[in-house]
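Chemist: Next comes upload_36.cif, mmCIF, C-alpha atoms:
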data_coords
#
loop_
_atom_site.label_atom_id
_atom_site.label_comp_id
_atom_site.auth_asym_id
_atom_site.auth_seq_id
_atom_site.Cartn_x
_atom_site.Cartn_y
_atom_site.Cartn_z
CA MET A 403 11.29 21.92 -10.23
CA ARG A 404 14.83 21.05 -9.10
CA PHE A 405 15.90 17.51 -8.42
CA VAL A 406 18.77 15.13 -9.10
CA LEU A 407 18.12 12.96 -12.15
CA ASN A 408 20.47 10.04 -12.68
CA GLY A 409 23.20 11.76 -10.69
CA LYS A 410 22.88 15.15 -12.38
CA ARG A 411 21.21 18.24 -10.97
CA THR A 412 18.31 19.20 -13.13
CA ASP A 413 15.58 21.83 -13.23
CA VAL A 414 12.40 20.96 -15.10
CA PRO A 415 9.85 23.71 -15.72
CA ALA A 416 6.71 21.54 -15.51
CA PRO A 417 3.49 21.77 -13.47
CA PRO A 418 3.69 20.41 -9.89
CA LEU A 419 1.04 17.72 -10.33
CA LYS A 420 2.35 16.40 -13.64
CA ARG A 421 3.11 12.72 -13.27
CA LEU A 422 6.83 12.00 -12.84
CA LEU A 423 6.38 9.37 -15.58
CA ASP A 424 5.29 12.03 -18.09
CA VAL A 425 7.99 14.45 -16.94
CA LEU A 426 10.66 11.82 -17.53
CA ARG A 427 9.35 10.81 -20.95
CA GLU A 428 8.18 14.17 -22.30
CA ASP A 429 10.28 16.83 -20.58
CA CYS A 430 13.51 14.90 -19.96
CA GLY A 431 13.51 12.76 -23.11
CA LEU A 432 14.00 9.58 -21.12
CA ALA A 433 11.65 7.07 -22.74
CA GLY A 434 13.13 4.01 -21.03
CA THR A 435 10.52 4.28 -18.28
CA LYS A 436 7.34 2.70 -19.66
CA GLU A 437 3.67 3.28 -19.00
CA GLY A 438 1.70 0.09 -18.58
CA CYS A 439 -1.49 0.55 -16.61
CA GLY A 440 -1.20 4.11 -15.28
CA GLU A 441 -2.63 3.08 -11.90
CA GLY A 442 0.21 1.50 -9.95
CA GLU A 443 -0.72 -2.09 -10.72
CA CYS A 444 1.89 -3.20 -13.25
CA GLY A 445 5.20 -1.67 -12.18
CA ALA A 446 6.38 -0.91 -15.74
CA CYS A 447 7.02 2.73 -14.75
CA THR A 448 9.13 1.86 -11.68
CA VAL A 449 11.96 4.30 -10.91
CA LEU A 450 14.01 4.83 -7.77
CA LEU A 451 13.17 7.79 -5.54
CA ASP A 452 16.06 8.28 -3.08
CA GLY A 453 16.95 4.66 -3.82
CA ALA A 454 13.51 3.17 -3.17
CA PRO A 455 11.36 1.79 -6.00
CA VAL A 456 8.15 3.75 -6.69
CA ASN A 457 5.57 3.83 -9.48
CA SER A 458 6.36 7.02 -11.39
CA CYS A 459 2.75 7.13 -12.67
CA LEU A 460 1.63 7.85 -9.10
CA VAL A 461 4.26 10.45 -8.19
CA PRO A 462 3.55 14.14 -8.77
CA LEU A 463 6.57 16.11 -9.90
CA ALA A 464 6.22 18.24 -6.74
CA HIS A 465 7.23 15.23 -4.64
CA VAL A 466 10.69 14.85 -6.17
CA ARG A 467 11.82 18.38 -5.32
CA GLY A 468 15.36 18.17 -3.95
CA ARG A 469 15.38 14.38 -4.16
CA LYS A 470 17.25 11.79 -6.23
CA VAL A 471 15.46 10.10 -9.12
CA THR A 472 17.11 7.17 -10.87
CA THR A 473 15.74 5.74 -14.11
CA ILE A 474 16.80 2.77 -16.21
CA GLU A 475 18.99 5.15 -18.25
CA GLY A 476 21.00 6.09 -15.17
CA LEU A 477 21.56 2.60 -13.92
CA ARG A 478 24.76 0.61 -14.02
CA SER A 479 23.74 -2.95 -13.32
CA ARG A 480 24.29 -6.48 -14.50
CA VAL A 481 20.60 -7.26 -14.07
CA PRO A 482 19.70 -6.60 -17.74
CA GLU A 483 22.36 -9.04 -18.96
CA ALA A 484 21.19 -11.66 -16.46
CA LEU A 485 17.59 -11.24 -17.62
CA ALA A 486 18.64 -11.66 -21.25
CA ARG A 487 20.73 -14.71 -20.44
CA GLU A 488 18.00 -16.49 -18.46
CA GLY A 489 15.07 -15.70 -20.73
CA GLY A 490 13.75 -13.19 -18.23
CA THR A 491 12.69 -10.73 -20.91
CA GLN A 492 10.61 -11.13 -24.01
CA CYS A 493 8.44 -8.29 -25.35
CA GLY A 494 10.39 -5.94 -23.08
CA ILE A 495 7.78 -3.46 -21.86
CA CYS A 496 7.97 -4.67 -18.26
CA THR A 497 11.74 -5.05 -18.30
CA PRO A 498 12.89 -1.54 -17.26
CA GLY A 499 10.49 -1.68 -14.32
CA VAL A 500 11.63 -5.18 -13.38
CA VAL A 501 15.25 -4.04 -13.44
CA MET A 502 14.51 -1.01 -11.25
CA ALA A 503 12.57 -3.09 -8.71
CA ALA A 504 15.35 -5.69 -8.73
CA VAL A 505 18.26 -3.34 -8.09
CA ALA A 506 16.75 -2.43 -4.73
CA LEU A 507 17.18 -6.07 -3.69
CA GLY A 508 20.89 -5.99 -2.95
CA PRO A 509 23.30 -8.82 -3.66
CA LYS A 510 22.39 -12.52 -3.80
CA PRO A 511 18.73 -12.51 -2.77
CA ASN A 512 16.92 -15.82 -2.44
CA ALA A 513 13.94 -16.70 -4.64
CA ALA A 514 11.37 -15.76 -1.99
CA ARG A 515 12.90 -12.28 -1.59
CA VAL A 516 12.94 -11.85 -5.37
CA ARG A 517 9.29 -12.81 -5.69
CA GLU A 518 8.28 -10.40 -2.94
CA ALA A 519 10.37 -7.54 -4.33
CA LEU A 520 8.85 -8.10 -7.80
CA ALA A 521 5.29 -8.62 -6.56
CA GLY A 522 4.34 -5.28 -8.08
CA ASN A 523 5.81 -5.96 -11.53
CA LEU A 524 3.60 -7.74 -14.02
CA CYS A 525 5.14 -9.69 -16.89
CA ARG A 526 2.75 -11.30 -19.34
CA CYS A 527 5.44 -13.04 -21.43
CA THR A 528 7.96 -14.93 -19.35
CA GLY A 529 5.93 -16.59 -16.60
CA TYR A 530 8.48 -15.08 -14.18
CA ALA A 531 10.67 -18.19 -13.88
CA GLY A 532 13.37 -16.68 -16.08
CA ILE A 533 13.24 -13.43 -14.11
CA VAL A 534 13.63 -15.24 -10.78
CA ARG A 535 16.47 -17.36 -12.22
CA ALA A 536 18.23 -14.24 -13.43
CA LEU A 537 18.04 -12.54 -10.04
CA ALA A 538 18.37 -15.43 -7.57
CA GLY A 539 20.51 -17.82 -9.57
CA PRO A 540 19.72 -20.73 -11.88
CA ARG A 541 18.77 -23.09 -9.07
CA ALA A 542 16.08 -20.74 -7.75
CA ALA A 543 13.50 -21.41 -10.43
CA PRO A 544 14.13 -24.45 -12.56
CA HIS A 545 11.45 -24.64 -15.21
CA PRO A 546 10.75 -28.19 -16.35
CA ARG A 547 8.58 -27.16 -19.30
CA VAL A 548 11.25 -24.88 -20.70
CA ARG A 549 13.74 -27.68 -20.31
CA ALA A 550 11.41 -30.10 -22.03
CA ALA A 551 10.90 -27.64 -24.89
CA GLY A 552 14.68 -27.22 -25.13
CA ALA A 553 15.12 -30.97 -25.30
CA ILE A 554 12.56 -31.24 -28.09
CA ALA A 555 14.28 -28.45 -30.02
CA ARG A 556 17.63 -30.19 -29.68
CA LYS A 557 16.13 -33.47 -30.83
CA ARG A 558 14.65 -31.79 -33.92
CA ARG A 559 17.93 -30.10 -34.74
CA GLY A 560 19.75 -33.37 -34.26
CA MET I 74 -6.18 12.15 -18.52
CA ALA I 75 -2.63 13.11 -17.67
CA THR I 76 -2.75 16.44 -19.48
CA ALA I 77 -5.70 17.68 -17.45
CA LEU I 78 -4.02 16.47 -14.28
CA SER I 79 -0.88 18.47 -15.01
CA ARG I 80 -2.85 21.72 -15.08
CA LEU I 81 -4.43 21.36 -11.64
CA PRO I 82 -3.23 23.74 -8.92
CA LEU I 83 -1.37 22.56 -5.83
CA LEU I 84 -0.89 24.41 -2.57
CA GLN I 85 2.32 23.48 -0.74
CA PRO I 86 2.37 24.66 2.89
CA ARG I 87 5.59 24.31 4.91
CA THR I 88 3.99 23.99 8.33
CA LEU I 89 0.93 22.33 9.84
CA ALA I 90 -0.40 25.71 11.00
CA GLU I 91 -0.16 27.07 7.46
CA ALA I 92 -1.83 23.95 6.05
CA LEU I 93 -4.73 24.26 8.50
CA ARG I 94 -5.16 27.96 7.66
CA LEU I 95 -5.29 27.14 3.96
CA LEU I 96 -7.85 24.41 4.60
CA ARG I 97 -10.08 26.88 6.44
CA ASP I 98 -9.63 29.93 4.20
CA GLU I 99 -8.96 28.52 0.74
CA GLY I 100 -11.16 25.40 0.83
CA PRO I 101 -12.43 23.14 -0.41
CA LEU I 102 -9.03 21.51 -0.80
CA VAL I 103 -8.20 17.82 -1.17
CA PRO I 104 -5.22 16.79 0.97
CA LEU I 105 -2.64 14.78 -0.93
CA ALA I 106 0.09 12.55 0.57
CA GLY I 107 1.31 9.29 -1.00
CA CYS I 108 -1.02 9.67 -4.01
CA THR I 109 -1.39 5.90 -4.41
CA ASP I 110 -5.18 6.14 -4.33
CA LEU I 111 -5.74 9.72 -5.40
CA TYR I 112 -3.64 9.55 -8.57
CA VAL I 113 -5.50 6.50 -9.83
CA GLY I 114 -8.80 8.39 -9.59
CA LEU I 115 -7.30 11.60 -10.96
CA HIS I 116 -5.65 10.03 -13.95
CA PHE I 117 -8.81 8.24 -14.97
CA GLY I 118 -11.01 11.27 -14.38
CA THR I 119 -13.09 9.85 -11.53
CA VAL I 120 -11.93 12.51 -9.05
CA ARG I 121 -13.16 15.98 -10.00
CA GLU I 122 -11.74 18.06 -7.17
CA PRO I 123 -10.18 21.19 -8.54
CA ARG I 124 -7.52 22.04 -5.94
CA PHE I 125 -5.08 20.13 -3.80
CA LEU I 126 -3.15 20.59 -0.58
CA ASP I 127 0.23 18.87 -0.46
CA LEU I 128 0.96 17.36 2.97
CA GLN I 129 4.45 16.09 2.13
CA GLY I 130 6.19 19.15 3.54
CA LEU I 131 4.61 18.80 7.00
CA ARG I 132 7.15 17.43 9.49
CA ALA I 133 4.52 17.39 12.24
CA LEU I 134 2.82 14.49 10.45
CA ARG I 135 5.93 12.29 10.27
CA GLY I 136 7.56 9.78 12.56
CA ILE I 137 6.76 6.87 14.84
CA ARG I 138 7.30 7.41 18.56
CA ARG I 139 6.24 6.36 22.02
CA HIS I 140 4.40 8.79 24.25
CA GLY I 141 4.11 7.17 27.67
CA GLU I 142 2.33 3.89 27.00
CA THR I 143 0.90 5.11 23.70
CA LEU I 144 2.33 4.33 20.27
CA VAL I 145 2.01 7.47 18.15
CA ILE I 146 2.18 7.04 14.37
CA GLY I 147 2.29 10.16 12.21
CA ALA I 148 -0.23 10.35 9.40
CA LEU I 149 2.52 10.51 6.76
CA VAL I 150 4.24 7.31 7.92
CA THR I 151 4.46 4.94 4.95
CA TYR I 152 3.73 1.23 4.91
CA SER I 153 7.46 0.59 4.37
CA GLU I 154 8.25 2.61 7.49
CA LEU I 155 5.66 0.63 9.47
CA ILE I 156 7.17 -2.66 8.23
CA ALA I 157 10.69 -1.54 9.19
CA SER I 158 9.81 -0.02 12.58
CA PRO I 159 11.03 -2.06 15.59
CA LEU I 160 8.53 -0.18 17.74
CA VAL I 161 5.58 -1.16 15.54
CA ARG I 162 6.82 -4.74 15.21
CA ARG I 163 7.05 -5.06 18.97
CA ARG I 164 3.89 -3.23 19.97
CA LEU I 165 1.51 -3.87 17.09
CA PRO I 166 3.05 -6.55 14.85
CA ILE I 167 -0.21 -7.02 12.94
CA LEU I 168 0.10 -3.44 11.64
CA ALA I 169 3.47 -4.29 10.10
CA GLU I 170 1.97 -7.53 8.79
CA ALA I 171 -1.04 -5.75 7.25
CA SER I 172 1.34 -3.24 5.64
CA ARG I 173 3.23 -6.06 3.94
CA TRP I 174 -0.02 -7.09 2.25
CA VAL I 175 -0.74 -3.64 0.84
CA GLY I 176 -0.18 -3.37 -2.91
CA SER I 177 3.48 -3.92 -3.73
CA PRO I 178 6.85 -2.60 -2.53
CA GLN I 179 6.39 0.38 -4.86
CA ILE I 180 3.04 1.18 -3.26
CA GLN I 181 4.34 0.49 0.27
CA ASN I 182 7.14 3.02 -0.31
CA ARG I 183 4.61 5.77 -1.02
CA GLY I 184 1.26 4.99 0.58
CA THR I 185 0.64 6.38 4.08
CA LEU I 186 -1.27 5.20 7.12
CA GLY I 187 -3.11 8.52 7.32
CA GLY I 188 -4.13 8.08 3.69
CA ASN I 189 -5.47 4.58 4.32
CA VAL I 190 -7.58 5.96 7.20
CA ALA I 191 -8.75 9.12 5.41
CA ASN I 192 -9.56 7.31 2.19
CA ALA I 193 -12.22 5.47 4.21
CA SER I 194 -12.45 2.45 1.94
CA PRO I 195 -14.15 -0.54 3.59
CA ALA I 196 -11.30 -2.61 2.11
CA GLY I 197 -8.41 -0.63 3.65
CA ASP I 198 -5.95 -3.27 4.85
CA THR I 199 -4.76 -1.50 7.99
CA LEU I 200 -8.22 -0.52 9.19
CA PRO I 201 -9.23 -3.79 10.91
CA VAL I 202 -5.90 -3.62 12.77
CA LEU I 203 -6.62 -0.11 14.04
CA ALA I 204 -10.14 -1.24 14.98
CA VAL I 205 -9.00 -4.15 17.17
CA ALA I 206 -6.19 -2.04 18.62
CA GLU I 207 -8.87 0.50 19.63
CA ALA I 208 -6.73 3.26 18.20
CA THR I 209 -7.54 6.95 18.41
CA VAL I 210 -7.38 9.33 15.46
CA LEU I 211 -5.82 12.69 16.30
CA LEU I 212 -7.42 15.45 14.20
CA ARG I 213 -6.33 19.08 14.00
CA SER I 214 -7.94 22.19 12.64
CA VAL I 215 -7.36 25.89 13.16
CA ASP I 216 -9.76 25.60 16.10
CA GLY I 217 -7.60 23.05 17.89
CA GLU I 218 -7.30 19.31 18.12
CA ARG I 219 -9.72 16.52 18.94
CA ARG I 220 -9.40 12.80 19.40
CA VAL I 221 -11.85 10.45 17.71
CA PRO I 222 -11.98 6.79 18.77
CA PHE I 223 -11.32 4.72 15.64
CA GLY I 224 -14.63 2.93 16.13
CA ALA I 225 -16.47 6.25 15.81
CA LEU I 226 -14.59 7.59 12.78
CA TYR I 227 -16.66 6.11 9.95
CA THR I 228 -20.31 6.93 9.51
CA GLY I 229 -20.99 5.15 6.21
CA TYR I 230 -19.47 4.07 2.92
CA ARG I 231 -16.42 6.34 2.49
CA GLN I 232 -17.90 8.76 5.04
CA THR I 233 -16.14 9.99 8.16
CA VAL I 234 -16.84 12.42 10.99
CA MET I 235 -13.94 14.57 9.78
CA ARG I 236 -14.74 18.16 8.86
CA PRO I 237 -13.35 19.57 5.58
CA ASP I 238 -11.02 21.85 7.57
CA GLU I 239 -9.50 19.02 9.61
CA LEU I 240 -6.38 16.96 8.98
CA ILE I 241 -5.33 13.64 10.47
CA VAL I 242 -2.16 14.38 12.42
CA ALA I 243 -1.49 10.96 13.93
CA ILE I 244 -2.91 7.61 14.94
CA GLU I 245 -2.51 6.79 18.62
CA VAL I 246 -2.41 3.16 19.65
CA PRO I 247 -2.77 2.09 23.30
CA PRO I 248 -1.05 -1.11 24.53
CA VAL I 249 -2.80 -4.21 23.18
CA GLU I 250 -3.00 -7.19 25.57
CA GLY I 251 -3.30 -10.65 24.06
CA ARG I 252 -2.24 -12.49 20.92
CA GLN I 253 -2.60 -10.49 17.74
CA TRP I 254 -3.71 -12.08 14.48
CA PHE I 255 -4.18 -10.78 10.91
CA ARG I 256 -5.06 -12.25 7.57
CA LYS I 257 -6.06 -10.80 4.23
CA VAL I 258 -7.82 -12.85 1.58
CA GLY I 259 -7.57 -11.56 -1.96
CA THR I 260 -7.25 -12.90 -5.48
CA ARG I 261 -3.47 -13.00 -5.16
CA ALA I 262 -0.88 -12.10 -2.57
CA ALA I 263 0.12 -8.74 -4.06
CA GLN I 264 -1.75 -5.91 -5.76
CA ALA I 265 -5.13 -7.31 -4.74
CA ILE I 266 -7.97 -5.46 -3.04
CA SER I 267 -9.16 -7.68 -0.22
CA LYS I 268 -12.25 -9.88 -0.55
CA VAL I 269 -12.20 -10.25 3.24
CA VAL I 270 -9.61 -8.93 5.67
CA MET I 271 -9.62 -9.74 9.38
CA ALA I 272 -7.65 -8.63 12.42
CA ALA I 273 -8.22 -10.13 15.83
CA VAL I 274 -6.81 -10.25 19.36
CA ARG I 275 -7.01 -13.32 21.59
CA ALA I 276 -7.61 -12.05 25.12
CA PRO I 277 -10.12 -12.75 27.91
CA HIS I 278 -12.43 -10.55 25.89
CA PRO I 279 -11.39 -11.33 22.29
CA ARG I 280 -11.55 -8.60 19.65
CA VAL I 281 -12.48 -9.22 16.02
CA ALA I 282 -12.66 -6.69 13.16
CA LEU I 283 -13.24 -7.19 9.46
CA GLY I 284 -12.92 -5.23 6.23
CA SER I 285 -14.75 -5.67 2.91
CA VAL I 286 -17.83 -7.19 4.57
CA ALA I 287 -19.85 -4.00 5.25
CA PRO I 288 -19.97 -0.34 4.11
CA THR I 289 -17.18 0.44 6.58
CA VAL I 290 -14.60 -1.56 8.49
CA VAL I 291 -16.50 -3.22 11.36
CA ARG I 292 -15.92 -4.76 14.77
CA ALA I 293 -17.96 -7.89 15.45
CA PRO I 294 -19.18 -7.25 19.02
CA ARG I 295 -21.75 -10.05 19.11
CA THR I 296 -19.19 -12.56 17.89
CA GLU I 297 -16.70 -11.25 20.43
CA ALA I 298 -19.31 -11.67 23.19
CA VAL I 299 -19.90 -15.33 22.24
CA LEU I 300 -16.17 -16.04 22.34
CA ALA I 301 -15.73 -14.13 25.61
CA GLY I 302 -18.66 -15.99 27.15
CA GLY I 303 -17.13 -19.39 26.49
CA GLY I 304 -19.34 -20.22 23.51
CA THR I 305 -18.13 -22.73 20.95
CA LEU I 306 -16.37 -21.73 17.77
CA ALA I 307 -19.35 -22.97 15.76
CA GLU I 308 -21.67 -20.69 17.73
CA ALA I 309 -19.35 -17.75 17.18
CA GLN I 310 -19.15 -18.49 13.44
CA ALA I 311 -22.95 -18.63 13.17
CA VAL I 312 -23.21 -15.24 14.88
CA LEU I 313 -20.43 -13.75 12.74
CA VAL I 314 -21.99 -14.63 9.37
CA ASP I 315 -25.22 -13.04 10.59
CA GLU I 316 -23.46 -10.01 12.05
CA ILE I 317 -21.60 -8.89 8.89
CA GLN I 318 -23.34 -7.42 5.82
CA PRO I 319 -21.23 -8.34 2.79
CA ILE I 320 -22.39 -7.60 -0.74
CA ASP I 321 -21.87 -9.09 -4.20
CA ASP I 322 -19.40 -6.97 -6.16
CA LEU I 323 -16.82 -7.46 -8.88
CA ARG I 324 -14.28 -8.84 -6.42
CA SER I 325 -16.44 -11.48 -4.77
CA THR I 326 -19.89 -12.56 -3.66
CA ALA I 327 -21.65 -12.07 -0.33
CA ALA I 328 -21.96 -15.83 0.17
CA TYR I 329 -18.24 -16.37 -0.42
CA ARG I 330 -17.37 -13.55 1.97
CA ARG I 331 -19.57 -15.02 4.71
CA ARG I 332 -17.95 -18.42 4.28
CA VAL I 333 -14.44 -16.97 4.29
CA ALA I 334 -15.16 -14.78 7.33
CA ALA I 335 -16.30 -17.87 9.26
CA ASN I 336 -13.20 -19.77 8.11
CA LEU I 337 -10.93 -16.90 9.15
CA LEU I 338 -12.52 -16.88 12.59
CA ALA I 339 -11.75 -20.59 12.90
CA GLN I 340 -8.17 -20.02 11.78
CA PHE I 341 -7.73 -17.16 14.23
CA TRP I 342 -9.10 -19.31 17.04
CA SER I 343 -6.82 -22.26 16.34
CA ASP I 344 -3.70 -20.19 15.51
CA THR I 345 -3.92 -18.29 18.79
CA ARG I 346 -4.71 -21.25 21.04
CA ARG I 347 -2.22 -21.25 23.88
CA ARG I 348 0.30 -23.99 23.29
CA ARG I 349 1.01 -26.22 26.28
#
Could you spell out this file's structure in structure tokens?
Modeler:
Amino acid sequence: MRFVLNGKRTDVPAPPLKRLLDVLREDCGLAGTKEGCGEGECGACTVLLDGAPVNSCLVPLAHVRGRKVTTIEGLRSRVPEALAREGGTQCGICTPGVVMAAVALGPKPNAARVREALAGNLCRCTGYAGIVRALAGPRAAPHPRVRAAGAIARKRRG
Amino acid sequence: MATALSRLPLLQPRTLAEALRLLRDEGPLVPLAGCTDLYVGLHFGTVREPRFLDLQGLRALRGIRRHGETLVIGALVTYSELIASPLVRRRLPILAEASRWVGSPQIQNRGTLGGNVANASPAGDTLPVLAVAEATVLLRSVDGERRVPFGALYTGYRQTVMRPDELIVAIEVPPVEGRQWFRKVGTRAAQAISKVVMAAVRAPHPRVALGSVAPTVVRAPRTEAVLAGGGTLAEAQAVLVDEIQPIDDLRSTAAYRRRVAANLLAQFWSDTRRRR
């Protein structure tokens, strides 16, 4: 099956109904795309198909013929750094999918746009506030509890 | 599991005529489009169909256009395309609205209107919209085409009048007079299967349709008649909770669904009141 993977033409000899997720991980050696639920609920396997985010667990290889697939490995973006800076990543399994869903947002989205764009990406660690802060700016999702915890930590250190 | 899935055969016709021939001569075949429902069942082994027919190569099933006064939506049109379409937003804004409530952006980029209709789930989010719009489903087989009124498409839980050799080509929507209204109630805004979903039109003869309250999507003709006849909202609500047949399942209870359906009717009625 011929398609463009992360900007490079590629030809993968795999069955047409094999999940794109498995093709990427097993046939292409790109393990950055994660499997969470395997049924399109969690968004961990999100990749871009012709620039639009899709769940690679629900895409048969046949449907990427002649199209452009972009994975976390092929992405140049400041989103990962922003997520790290704002506490928008913790265990990390959702993070590649969050990044892929976020890059489709375009520059300077507001918090409501971010929440809608990431509605299909589950994160069980961060509570999302850090993710929204990272993508929409620090004012978008102030988190009083995190601040309170920070204040306590500073007090203890002091 | 995924390994079994990867060994299943797939037929990939280039034209609608070829697809219809394959359906007749090589059947039974399961048509496959956005895969957002089918792949869930396949991966977890609940779908046991051996062979598949890929519709993605069929141009005849794509596109949104106007044909005279009729809005024609190809079966392969995705939710994202419905949301972005100026034609849909102008003519049938509640279809764009319903599409925004389907799954997530990832699902909206892949799932198709034809798939939502063919899948025949009583919880399909676009189905109450097509019911109140009194849409027509355009079916094709090798023998020719036929038009089925949306209200006559479903015969029971996940059952339709479609023959195994027929494909949905398009959904045809006539002009809808009156104020359109839609609301889905689920556990959360995204990625939730509806507990109750309602579409309605405020017109001299109001139209009301609901999903997830019966084995198929349903119109509520008795409720509509009360509203059309100048009955009170309370009378219409009493008729509605009697007219639907919700069940207890893992998403909700019948009692909750009746209560919510009545509340949605009240919200529809107040939201669409003509402002002076």
Chemist: Do you know which residues are at most 10 Å from Val113 (chain I) counting all atoms listed in the file, after dropping those on the same chain fewer than 5 positions away, and could you put them as a PDB file with C-alpha atoms, keeping the file's coordinate frame?
Modeler:
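Okay, around-v6.pdb is ready:
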ATOM      1  CA  CYS A 439      -1.490   0.550 -16.610  1.00  0.00           C
ATOM      2  CA  GLY A 440      -1.200   4.110 -15.280  1.00  0.00           C
ATOM      3  CA  GLU A 441      -2.630   3.080 -11.900  1.00  0.00           C
ATOM      4  CA  GLY A 442       0.210   1.500  -9.950  1.00  0.00           C
ATOM      5  CA  GLU A 443      -0.720  -2.090 -10.720  1.00  0.00           C
ATOM      6  CA  CYS A 459       2.750   7.130 -12.670  1.00  0.00           C
ATOM      7  CA  LEU A 460       1.630   7.850  -9.100  1.00  0.00           C
TER       8      LEU A 460
ATOM      9  CA  CYS I 108      -1.020   9.670  -4.010  1.00  0.00           C
ATOM     10  CA  GLY I 118     -11.010  11.270 -14.380  1.00  0.00           C
ATOM     11  CA  THR I 119     -13.090   9.850 -11.530  1.00  0.00           C
ATOM     12  CA  VAL I 120     -11.930  12.510  -9.050  1.00  0.00           C
TER      13      VAL I 120
END
Chemist: Residues of chain A within 9 Å of chain I, counting only C-alpha atoms - could you list those as a ChimeraX atom specification?
Modeler: /A:416-421,424,440-445,448,454-457,459-462,464-465,503,518-523
Chemist: I'd like the neighbourhood of region 144-151 of chain I as a VMD selection string, where a residue qualifies if any of its atoms comes within 6 Å (using all atoms listed in the file), though same-chain residues fewer than 3 positions away should be ignored.
Modeler: chain I and resid 134 to 139 154 184 to 187 242 to 246
Chemist: Applied to the shown file, which residues does the PyMOL selection byres ((chain A and resi 514) around 12) return, written as a ChimeraX atom specification?
Modeler: /A:507,510-513,515-521,534-535,537-538,542-543
Chemist: Just to confirm, what's the straight-line distance from CA of Pro319 (chain I) to CA of Arg332 (chain I) in Å (one decimal)?
Modeler: 10.7 Å
Chemist: Might you pull out every residue within 9 Å of region 91-100 of chain I, with all atoms listed in the file counted and same-chain residues fewer than 2 positions away left off, and present them as a ChimeraX atom specification?
Modeler: /I:84-89,102-104,124,126-128,131,213-215,237-240
Chemist: Would you export the selected residues with C-alpha atoms as a compact mmCIF listing (two decimals), in the coordinates of the input, please?
Modeler:
# COMPACT_ATOMS: atom_id res chain seq x y z
CA LEU I 84 -0.89 24.41 -2.57
CA GLN I 85 2.32 23.48 -0.74
CA PRO I 86 2.37 24.66 2.89
CA ARG I 87 5.59 24.31 4.91
CA THR I 88 3.99 23.99 8.33
CA LEU I 89 0.93 22.33 9.84
CA LEU I 102 -9.03 21.51 -0.80
CA VAL I 103 -8.20 17.82 -1.17
CA PRO I 104 -5.22 16.79 0.97
CA ARG I 124 -7.52 22.04 -5.94
CA LEU I 126 -3.15 20.59 -0.58
CA ASP I 127 0.23 18.87 -0.46
CA LEU I 128 0.96 17.36 2.97
CA LEU I 131 4.61 18.80 7.00
CA ARG I 213 -6.33 19.08 14.00
CA SER I 214 -7.94 22.19 12.64
CA VAL I 215 -7.36 25.89 13.16
CA PRO I 237 -13.35 19.57 5.58
CA ASP I 238 -11.02 21.85 7.57
CA GLU I 239 -9.50 19.02 9.61
CA LEU I 240 -6.38 16.96 8.98
Chemist: What do you get, as a list in words, if you spell out every residue that the PyMOL selection byres ((chain I and resi 192) around 10) selects here?
Modeler: Asp110, Leu111, Leu186, Gly187, Gly188, Asn189, Val190, Ala191, Ala193, Ser194, Pro195, Gly197, Arg231, Gln232 and Thr233 of chain I
Chemist: Please measure the separation of CA of Pro277 (chain I) and CA of Ala301 (chain I), giving the value in Å to one decimal.
Modeler: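 These atoms are spaced 6.2 Å apart.
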Chemist: What gap, in Å, lies between CA of Ala273 (chain I) and CA of Pro201 (chain I)?
Modeler: 8.1 Å
Chemist: Once the PyMOL selection byres ((chain A and resi 433) around 10) is applied to the coordinates I shared, what remains selected? I want it as a PyMOL selection string.
Modeler: chain A and resi 423-424+426-428+430-432+434-437+473-475
Chemist: I need the residues from that last selection saved to file as a PDB file, keeping the file's coordinate frame (with C-alpha atoms), if you can.
Modeler:
ATOM      1  CA  LEU A 423       6.380   9.370 -15.580  1.00  0.00           C
ATOM      2  CA  ASP A 424       5.290  12.030 -18.090  1.00  0.00           C
ATOM      3  CA  LEU A 426      10.660  11.820 -17.530  1.00  0.00           C
ATOM      4  CA  ARG A 427       9.350  10.810 -20.950  1.00  0.00           C
ATOM      5  CA  GLU A 428       8.180  14.170 -22.300  1.00  0.00           C
ATOM      6  CA  CYS A 430      13.510  14.900 -19.960  1.00  0.00           C
ATOM      7  CA  GLY A 431      13.510  12.760 -23.110  1.00  0.00           C
ATOM      8  CA  LEU A 432      14.000   9.580 -21.120  1.00  0.00           C
ATOM      9  CA  GLY A 434      13.130   4.010 -21.030  1.00  0.00           C
ATOM     10  CA  THR A 435      10.520   4.280 -18.280  1.00  0.00           C
ATOM     11  CA  LYS A 436       7.340   2.700 -19.660  1.00  0.00           C
ATOM     12  CA  GLU A 437       3.670   3.280 -19.000  1.00  0.00           C
ATOM     13  CA  THR A 473      15.740   5.740 -14.110  1.00  0.00           C
ATOM     14  CA  ILE A 474      16.800   2.770 -16.210  1.00  0.00           C
ATOM     15  CA  GLU A 475      18.990   5.150 -18.250  1.00  0.00           C
TER      16      GLU A 475
END
